[in-house]
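Structure data follow from entry-v1.csv (CSV, C-alpha atoms):
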chain,number,residue,atom,x,y,z
A,1,MET,CA,107.8,164.3,136.9
A,2,LEU,CA,109.4,167.7,136.7
A,3,ILE,CA,112.0,169.3,139.0
A,4,PRO,CA,111.6,173.1,139.1
A,5,THR,CA,113.9,174.4,136.4
A,6,SER,CA,115.7,177.1,138.5
A,7,ARG,CA,116.6,174.7,141.3
A,8,TYR,CA,117.6,171.9,138.9
A,9,TYR,CA,120.1,174.2,137.3
A,10,ASP,CA,121.3,175.4,140.7
A,11,ILE,CA,122.2,171.8,141.7
A,12,ILE,CA,123.8,171.0,138.4
A,13,ARG,CA,126.0,174.1,138.5
A,14,GLY,CA,127.1,173.0,142.0
A,15,MET,CA,128.5,169.7,140.8
A,16,ASN,CA,131.9,169.2,139.2
A,17,ILE,CA,132.2,167.7,135.7
A,18,PHE,CA,132.8,164.1,137.0
A,19,SER,CA,129.7,164.3,139.3
A,20,LYS,CA,127.6,165.6,136.3
A,21,SER,CA,128.8,162.7,134.2
A,22,ILE,CA,128.0,160.1,136.8
A,23,ALA,CA,124.5,161.6,137.5
A,24,ALA,CA,123.8,161.8,133.7
A,25,PHE,CA,124.8,158.1,133.3
A,26,PHE,CA,122.5,157.0,136.0
A,27,MET,CA,119.5,159.0,134.7
A,28,LEU,CA,120.1,157.6,131.2
A,29,PHE,CA,120.5,154.1,132.6
A,30,PHE,CA,117.1,154.3,134.4
A,31,LEU,CA,115.3,155.7,131.3
A,32,LEU,CA,116.6,152.8,129.1
A,33,LEU,CA,116.3,150.1,131.7
A,34,PRO,CA,114.1,147.2,130.3
A,35,VAL,CA,111.6,146.4,133.0
A,36,LYS,CA,108.6,144.1,133.1
A,37,SER,CA,105.9,144.8,135.6
A,38,VAL,CA,104.2,141.8,137.2
A,39,ALA,CA,101.7,143.8,139.3
A,40,ASP,CA,100.0,147.1,139.2
A,41,ASP,CA,102.2,150.2,139.4
A,42,LEU,CA,101.5,152.6,142.3
A,43,VAL,CA,101.5,156.4,141.8
A,44,PHE,CA,100.6,158.3,144.9
A,45,PRO,CA,100.5,162.0,145.7
A,46,ILE,CA,102.4,163.3,148.8
A,47,PHE,CA,100.9,165.9,151.0
A,48,SER,CA,102.5,166.5,154.4
A,49,TYR,CA,103.2,169.1,157.0
A,50,SER,CA,105.8,169.3,159.9
A,51,LYS,CA,106.8,172.0,162.2
A,52,ASP,CA,110.4,171.6,161.1
A,53,PHE,CA,109.9,171.8,157.3
A,54,GLY,CA,106.4,173.3,156.8
A,55,SER,CA,104.2,172.0,154.0
A,56,ILE,CA,105.6,169.3,151.8
A,57,TYR,CA,104.1,167.9,148.6
A,58,GLY,CA,105.2,165.6,145.8
A,59,LEU,CA,104.8,162.2,144.1
A,60,TYR,CA,105.7,158.6,144.9
A,61,TYR,CA,106.0,155.9,142.2
A,62,TYR,CA,106.6,152.2,142.7
A,63,LYS,CA,106.9,149.4,140.1
A,64,PRO,CA,107.3,145.8,141.4
A,65,LEU,CA,109.3,143.6,139.1
A,66,ASP,CA,108.6,140.1,140.5
A,67,GLU,CA,105.8,138.3,142.4
A,68,SER,CA,107.6,138.6,145.7
A,69,LYS,CA,107.8,142.4,145.3
A,70,LYS,CA,111.4,142.3,146.4
A,71,ALA,CA,112.6,143.5,143.0
A,72,MET,CA,111.4,147.0,142.3
A,73,VAL,CA,111.9,150.4,140.7
A,74,TYR,CA,110.9,153.4,142.8
A,75,THR,CA,111.1,157.1,142.7
A,76,THR,CA,110.0,159.9,145.0
A,77,PHE,CA,109.9,163.7,144.5
A,78,MET,CA,109.2,166.1,147.4
A,79,LYS,CA,109.0,169.9,147.3
A,80,ALA,CA,108.8,172.3,150.2
A,81,SER,CA,109.5,176.0,150.7
A,82,SER,CA,113.0,175.2,151.7
A,83,GLY,CA,113.8,173.2,148.6
A,84,TYR,CA,113.3,169.7,147.1
A,85,GLN,CA,114.4,166.1,147.4
A,86,PHE,CA,114.4,163.5,144.6
A,87,TRP,CA,115.2,159.8,144.8
A,88,LEU,CA,115.4,157.2,142.0
A,89,GLY,CA,116.2,153.6,143.0
A,90,LEU,CA,116.4,150.0,141.9
A,91,LYS,CA,116.3,146.9,144.1
A,92,LYS,CA,117.3,143.3,143.2
A,93,TYR,CA,117.1,143.8,139.4
A,94,PRO,CA,118.1,140.4,137.9
A,95,ILE,CA,121.0,140.6,135.5
A,96,ASN,CA,121.3,136.8,135.2
A,97,PRO,CA,120.4,133.9,137.5
A,98,ASP,CA,123.5,134.6,139.7
A,99,TRP,CA,123.7,138.4,139.8
A,100,GLN,CA,121.4,141.3,140.7
A,101,LEU,CA,121.8,145.1,140.4
A,102,GLU,CA,120.9,147.6,143.0
A,103,THR,CA,121.2,151.4,142.7
A,104,LYS,CA,120.3,154.6,144.4
A,105,LEU,CA,120.5,158.1,143.0
A,106,ALA,CA,119.4,161.0,145.2
A,107,PHE,CA,119.5,164.8,144.7
A,108,SER,CA,118.5,167.2,147.4
A,109,ASP,CA,118.5,171.0,147.8
A,110,TRP,CA,117.0,171.0,151.3
A,111,LYS,CA,117.4,172.6,154.7
A,112,GLU,CA,118.4,170.6,157.7
A,113,LEU,CA,118.3,171.4,161.4
A,114,TYR,CA,121.6,171.2,163.4
A,115,TYR,CA,121.2,170.5,167.1
A,116,GLY,CA,124.9,169.9,167.9
A,117,LEU,CA,126.8,166.7,168.3
A,118,GLY,CA,126.5,163.9,170.8
A,119,ASN,CA,123.8,162.1,172.7
A,120,SER,CA,122.4,165.1,174.8
A,121,SER,CA,121.4,167.6,172.1
A,122,LEU,CA,118.2,169.6,172.8
A,123,SER,CA,115.4,169.9,170.3
A,124,SER,CA,114.9,173.5,171.4
A,125,ASN,CA,118.5,174.4,170.5
A,126,SER,CA,118.6,174.2,166.7
A,127,GLU,CA,120.1,176.1,163.8
A,128,THR,CA,119.1,175.9,160.2
A,129,ILE,CA,121.7,174.7,157.5
A,130,TYR,CA,120.9,175.0,153.8
A,131,ARG,CA,122.8,172.4,151.8
A,132,ARG,CA,122.9,170.7,148.5
A,133,LYS,CA,123.7,167.0,148.2
A,134,VAL,CA,124.2,164.3,145.6
A,135,ASP,CA,124.2,160.7,146.9
A,136,ILE,CA,124.9,157.7,144.6
A,137,ASP,CA,125.2,154.0,145.5
A,138,LEU,CA,125.8,151.2,142.9
A,139,ALA,CA,125.9,147.6,144.0
A,140,PHE,CA,126.3,144.3,142.2
A,141,ARG,CA,124.8,141.5,144.3
A,142,GLN,CA,126.0,137.9,143.9
A,143,LEU,CA,123.5,135.2,144.8
A,144,VAL,CA,125.0,132.5,147.0
A,145,SER,CA,121.6,130.8,147.5
A,146,ALA,CA,117.9,131.7,147.2
A,147,THR,CA,118.1,133.8,150.4
A,148,ASN,CA,121.8,134.6,150.8
A,149,SER,CA,123.9,137.1,148.8
A,150,ILE,CA,127.1,139.2,148.8
A,151,GLY,CA,126.9,142.8,147.6
A,152,TYR,CA,129.8,144.8,146.2
A,153,HIS,CA,129.3,148.6,146.5
A,154,VAL,CA,130.7,151.8,145.0
A,155,THR,CA,129.4,155.0,146.7
A,156,TYR,CA,129.7,158.7,146.0
A,157,LEU,CA,128.6,161.7,148.1
A,158,ASN,CA,128.9,165.4,147.3
A,159,ARG,CA,127.7,167.9,149.9
A,160,ASP,CA,127.9,171.7,149.6
A,161,GLU,CA,126.5,174.3,152.0
A,162,LEU,CA,124.5,177.1,150.3
A,163,GLU,CA,126.4,180.2,151.5
A,164,SER,CA,123.8,182.6,150.0
A,165,LYS,CA,121.2,181.2,152.4
A,166,ASN,CA,123.3,180.3,155.5
A,167,ALA,CA,123.9,182.8,158.2
A,168,ARG,CA,127.4,181.4,158.6
A,169,SER,CA,129.5,178.5,157.4
A,170,TYR,CA,129.1,175.4,159.5
A,171,PHE,CA,131.1,172.6,157.9
A,172,ALA,CA,133.5,172.2,155.0
A,173,ASP,CA,132.1,171.3,151.6
A,174,PHE,CA,133.3,167.9,150.5
A,175,ALA,CA,132.9,165.0,148.1
A,176,PHE,CA,134.1,161.4,148.5
A,177,TRP,CA,134.2,158.0,146.9
A,178,GLY,CA,133.9,154.8,148.9
A,179,PHE,CA,133.9,151.0,148.4
A,180,GLY,CA,131.9,148.5,150.4
A,181,VAL,CA,131.0,144.8,150.7
A,182,ASP,CA,128.1,143.2,152.5
A,183,TYR,CA,126.6,139.9,153.4
A,184,GLN,CA,122.8,139.6,153.3
A,185,VAL,CA,120.3,137.0,154.3
A,186,ASP,CA,116.7,137.7,153.4
A,187,THR,CA,113.9,135.3,154.1
A,188,ARG,CA,111.1,138.0,154.3
A,189,ASP,CA,107.9,137.5,152.4
A,190,ARG,CA,108.5,140.9,150.8
A,191,SER,CA,111.0,143.7,151.3
A,192,MET,CA,108.5,146.4,152.4
A,193,ASN,CA,105.8,146.0,155.0
A,194,SER,CA,107.0,142.5,155.8
A,195,ARG,CA,104.7,140.0,157.5
A,196,SER,CA,107.1,137.1,158.1
A,197,GLY,CA,110.7,136.1,157.8
A,198,GLN,CA,114.1,137.6,158.8
A,199,TYR,CA,116.6,140.1,157.3
A,200,PHE,CA,120.3,140.3,158.2
A,201,LEU,CA,122.8,142.6,156.7
A,202,LEU,CA,126.5,143.0,157.7
A,203,ARG,CA,128.3,145.7,155.7
A,204,TYR,CA,131.8,147.2,155.6
A,205,ASP,CA,132.6,150.5,153.9
A,206,TYR,CA,136.1,152.0,153.2
A,207,PHE,CA,136.6,155.6,152.2
A,208,PRO,CA,140.3,156.3,151.2
A,209,SER,CA,141.5,159.8,152.0
A,210,GLN,CA,143.1,160.4,148.6
A,211,TRP,CA,139.7,160.1,147.0
A,212,TYR,CA,138.3,163.0,149.0
A,213,GLU,CA,137.7,166.5,147.6
A,214,THR,CA,137.2,168.9,150.5
A,215,THR,CA,138.0,172.4,151.8
A,216,GLY,CA,139.0,170.8,155.1
A,217,THR,CA,141.3,167.9,156.2
A,218,LEU,CA,140.0,164.3,156.3
A,219,ASP,CA,141.6,161.0,157.0
A,220,THR,CA,140.8,157.6,155.6
A,221,THR,CA,137.6,156.5,157.2
A,222,GLN,CA,135.7,153.2,157.6
A,223,ARG,CA,132.1,152.2,158.6
A,224,LEU,CA,130.6,149.0,159.9
A,225,THR,CA,126.9,148.4,159.8
A,226,LEU,CA,124.7,145.6,161.2
A,227,ASP,CA,121.0,145.5,160.4
A,228,TYR,CA,118.8,142.7,161.8
A,229,ARG,CA,115.0,142.5,161.4
A,230,GLN,CA,112.6,139.7,162.4
A,231,PHE,CA,108.9,139.5,161.5
A,232,ILE,CA,106.8,136.9,163.5
A,233,PRO,CA,103.1,136.2,162.8
A,234,PHE,CA,101.4,136.8,166.1
A,235,TYR,CA,97.6,136.9,167.0
A,236,ASP,CA,96.3,137.8,163.5
A,237,GLY,CA,99.1,140.4,163.2
A,238,THR,CA,102.9,140.7,163.0
A,239,LEU,CA,105.4,141.2,165.8
A,240,ALA,CA,108.3,143.1,164.2
A,241,TYR,CA,111.8,143.7,165.8
A,242,ARG,CA,114.9,145.5,164.6
A,243,THR,CA,118.4,146.0,165.8
A,244,TYR,CA,120.5,148.6,163.9
A,245,LEU,CA,124.1,149.3,164.8
A,246,VAL,CA,126.6,151.6,163.0
A,247,GLN,CA,130.3,152.2,164.0
A,248,GLY,CA,132.3,154.8,162.2
A,249,LEU,CA,136.1,154.8,162.4
A,250,GLY,CA,138.5,157.7,161.7
A,251,SER,CA,138.0,161.4,161.5
A,252,LEU,CA,134.5,161.7,160.1
A,253,HIS,CA,132.9,164.7,158.3
A,254,TYR,CA,129.6,165.9,159.7
A,255,ALA,CA,127.7,164.3,156.8
A,256,GLN,CA,129.2,160.9,157.6
A,257,LEU,CA,128.0,160.8,161.2
A,258,SER,CA,125.1,158.5,162.1
A,259,LYS,CA,121.9,160.3,163.1
A,260,LEU,CA,119.1,159.4,165.4
A,261,GLY,CA,115.7,160.9,165.4
A,262,GLY,CA,113.0,161.4,162.7
A,263,SER,CA,110.5,159.2,160.8
A,264,LEU,CA,112.6,156.0,160.9
A,265,LEU,CA,114.6,155.9,164.1
A,266,LEU,CA,113.5,157.2,167.5
A,267,ARG,CA,110.4,158.8,166.0
A,268,GLY,CA,109.6,160.9,169.0
A,269,ALA,CA,112.9,162.9,168.6
A,270,SER,CA,113.5,165.6,166.1
A,271,SER,CA,115.0,164.7,162.7
A,272,GLY,CA,118.8,164.2,163.2
A,273,GLN,CA,118.6,165.5,166.8
A,274,TYR,CA,121.4,163.2,167.9
A,275,ARG,CA,124.6,162.7,165.7
A,276,ASP,CA,127.9,160.9,166.4
A,277,LYS,CA,130.3,158.3,165.0
A,278,ALA,CA,128.4,155.3,166.4
A,279,LEU,CA,124.7,154.5,166.6
A,280,THR,CA,122.7,151.9,168.6
A,281,SER,CA,119.0,151.4,167.9
A,282,PHE,CA,116.3,148.9,168.9
A,283,GLN,CA,112.7,148.9,167.7
A,284,VAL,CA,109.7,146.7,168.4
A,285,GLU,CA,106.3,147.0,166.7
A,286,TYR,CA,103.0,145.1,166.8
A,287,ARG,CA,101.2,145.5,163.6
A,288,ARG,CA,97.6,144.3,163.2
A,289,PRO,CA,94.9,144.7,160.4
A,290,LEU,CA,91.7,146.5,161.3
A,291,ALA,CA,89.2,146.5,158.5
A,292,TRP,CA,89.0,147.2,154.8
A,293,MET,CA,92.4,148.8,153.8
A,294,LEU,CA,93.3,149.9,157.3
A,295,SER,CA,95.8,148.5,159.8
A,296,THR,CA,97.4,149.8,163.0
A,297,ALA,CA,100.7,149.5,164.8
A,298,PHE,CA,102.1,150.2,168.3
A,299,PHE,CA,105.8,150.7,168.7
A,300,LEU,CA,108.6,151.1,171.3
A,301,GLU,CA,112.0,152.4,170.3
A,302,TRP,CA,115.4,152.9,172.1
A,303,GLY,CA,118.5,154.5,170.7
A,304,GLN,CA,121.7,156.4,171.5
A,305,VAL,CA,124.7,157.8,169.7
A,306,GLY,CA,128.3,158.2,170.8
A,307,SER,CA,132.0,157.5,170.0
A,308,LYS,CA,131.2,153.8,170.1
A,309,ILE,CA,128.2,151.4,170.2
A,310,GLY,CA,126.7,151.1,173.7
A,311,VAL,CA,123.5,150.8,175.8
A,312,ASP,CA,124.5,152.9,178.8
A,313,ASP,CA,122.5,156.1,177.8
A,314,LEU,CA,119.5,154.9,175.7
A,315,HIS,CA,116.7,157.3,174.7
A,316,MET,CA,113.2,155.9,174.5
A,317,SER,CA,110.1,156.9,172.5
A,318,GLN,CA,106.8,155.2,171.9
A,319,GLY,CA,103.7,155.7,169.8
A,320,PHE,CA,101.1,154.3,167.5
A,321,GLY,CA,100.3,154.4,163.8
A,322,LEU,CA,97.4,154.1,161.3
A,323,TYR,CA,98.1,152.7,157.9
A,324,PHE,CA,96.2,152.7,154.6
A,325,ASN,CA,97.3,149.6,152.6
A,326,PHE,CA,97.4,149.3,148.9
A,327,GLY,CA,96.8,146.0,147.0
A,328,ASP,CA,97.9,143.2,149.3
A,329,GLY,CA,99.7,145.6,151.6
A,330,ALA,CA,103.1,145.7,149.9
A,331,SER,CA,102.7,149.5,149.9
A,332,ALA,CA,101.1,151.6,152.6
A,333,LEU,CA,100.5,155.2,153.6
A,334,ARG,CA,101.7,155.7,157.2
A,335,LEU,CA,100.4,158.1,159.8
A,336,ASP,CA,102.5,157.8,163.0
A,337,THR,CA,102.2,159.7,166.3
A,338,ALA,CA,105.3,159.3,168.6
A,339,PHE,CA,105.9,160.5,172.1
A,340,TYR,CA,109.2,161.5,173.6
A,341,GLN,CA,110.3,163.6,176.7
A,342,GLY,CA,106.7,164.9,177.2
A,343,LYS,CA,106.2,166.0,173.5
A,344,SER,CA,104.6,164.4,170.5
A,345,LYS,CA,105.5,164.2,166.8
A,346,PHE,CA,103.3,163.4,163.8
A,347,TYR,CA,104.5,161.8,160.6
A,348,PHE,CA,102.7,161.3,157.3
A,349,MET,CA,105.0,159.0,155.3
A,350,PHE,CA,105.1,155.8,153.2
A,351,ASN,CA,105.4,152.3,154.4
A,352,HIS,CA,106.5,151.0,157.8
A,353,ALA,CA,109.6,152.4,159.4
A,354,PHE,CA,111.3,149.1,158.8
Represent the structure of the file as structure tokens.
Amino acid sequence: MLIPTSRYYDIIRGMNIFSKSIAAFFMLFFLLLPVKSVADDLVFPIFSYSKDFGSIYGLYYYKPLDESKKAMVYTTFMKASSGYQFWLGLKKYPINPDWQLETKLAFSDWKELYYGLGNSSLSSNSETIYRRKVDIDLAFRQLVSATNSIGYHVTYLNRDELESKNARSYFADFAFWGFGVDYQVDTRDRSMNSRSGQYFLLRYDYFPSQWYETTGTLDTTQRLTLDYRQFIPFYDGTLAYRTYLVQGLGSLHYAQLSKLGGSLLLRGASSGQYRDKALTSFQVEYRRPLAWMLSTAFFLEWGQVGSKIGVDDLHMSQGFGLYFNFGDGASALRLDTAFYQGKSKFYFMFNHAF
């Protein structure tokens, strides 16, 4: 998998020497990582189109590492006229019987649409921001039991606006380090496209001000996240439910704000249409197999953003999807149509939204 050379060197030049060292370490780590596949690897081409980003193409690669398909290596590369995005990740890699390793490395040189801040932004009132971003998360997970674990995280984010493309400067460039801890309970039959079980995550992140590098002024910030999902076998299908809550504390940079809208949360709204310090989201889906490799889903979603978590001004979208399942359904190609405020949006993505 190749990243276009000119853009690759653009993003490398935009990183400081410490960022380059960290990124190089992660790339070398993944190349040398000893993995043993227990099932067929999946390599799938990406072809997509959206009004916001135009034609998108790329590749998706997934390697399961255990029979439950909860441990995996995955990578995605997407290219569009506005730039590219690249992800490389590892979930639940066993170090020894008591510890697991989880990592995420993401590079992007991509445009994003800015609709303003708050819970009343209009999809018709957007401006384009071209930005470059490096996002790294490293976690060591301590197993408390077969289903319960504690994760210890180190995160790094570097975000720069591309002044040569932007009509004006929107937000200060910045980079930060953070530390987090989470408690996780996972009884799902598999981590993607789950059919039964529950998932619970409570996470706390701390970002000390002295570890920021920015052209603006930022205080020490904190973030609390709760993610609860339940999957219930129901009439030959699966009834899926998710509650997702995020509360940011302190003077947050734009890139640290929670966003609502897009292919994962409130699918009828535009990508990142609503942004603020806190996010409240509820999702319900009924997923049912059809025939051969096909299945369908019908979904309802509610969400809002604000200075604090709340349910006093929820947006609502609804829709349906068609899914092409691979193997036993642990991976799937997703075609969703969502409706919101009299308009519709179409998504061509991988796997269920949650």
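You will find atom CA of His153 of chain A at 29.5 Å from atom CA of Gly58 of chain A.
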Q. Quick one: residues within 9 Å of Phe140 of chain A, only C-alpha atoms counted, chain neighbours fewer than 5 positions away excluded, as a PyMOL selection string?
A. chain A and resi 99-103+150-153
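Our summary of the geometry notes that atom CA of Gly319 of chain A is positioned 13.8 Å from atom CA of Gly261 of chain A.
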(Q) Can you tell me which residues surround Leu122 of chain A at a distance of at most 10 Å, considering all atoms listed in the file, apart from same-chain residues fewer than 2 positions away, and format the answer as a ChimeraX atom specification? (A) /A:115-116,119-120,124-126,269-270,273-274
C-alpha atoms of the current selection, written as a short mmCIF file (atom, residue, chain, number, x, y, z; two decimals), keeping the file's coordinate frame:
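The new file part.cif reads:
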data_model
loop_
_atom_site.label_atom_id
_atom_site.label_comp_id
_atom_site.auth_asym_id
_atom_site.auth_seq_id
_atom_site.Cartn_x
_atom_site.Cartn_y
_atom_site.Cartn_z
CA TYR A 115 121.20 170.50 167.10
CA GLY A 116 124.90 169.90 167.90
CA ASN A 119 123.80 162.10 172.70
CA SER A 120 122.40 165.10 174.80
CA SER A 124 114.90 173.50 171.40
CA ASN A 125 118.50 174.40 170.50
CA SER A 126 118.60 174.20 166.70
CA ALA A 269 112.90 162.90 168.60
CA SER A 270 113.50 165.60 166.10
CA GLN A 273 118.60 165.50 166.80
CA TYR A 274 121.40 163.20 167.90
#
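Closest to Phe282 of chain A among A:Tyr235, A:Phe354, A:Tyr156, A:Phe324 is A:Phe354, based on all atoms listed in the file.
Minimum distance to Leu322 of chain A across A:Thr220, A:Asn148, A:Ser295, A:Ser123 (counting all atoms listed in the file) occurs at A:Ser295.
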Q) Contacts of Arg287 of chain A at 9 Å or less, counting only C-alpha atoms, minus same-chain residues fewer than 5 places along, as a list in words? A) Arg195, Gly237, Thr238, Leu239, Ala240, Ser295, Thr296, Ala297, Phe298, Phe299 and Gly321 of chain A
(Q) When you count all atoms listed in the file, which of these residues is closest to Phe320 of chain A: A:Gly268, A:Gly83, A:Gly180, A:Pro97? (A) A:Gly268
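The protein and nucleic acid residues lying at most 7 Å from Met316 of chain A are Glu301, Trp302, Gly303 and Tyr340 of chain A, with only C-alpha atoms considered and sequence neighbours fewer than 6 positions away removed.
Nearest-residue note for Phe234 of chain A: choosing from A:Arg288, A:Lys63, A:Lys133, A:His253, the minimum distance belongs to A:Arg288, counting only C-alpha atoms.
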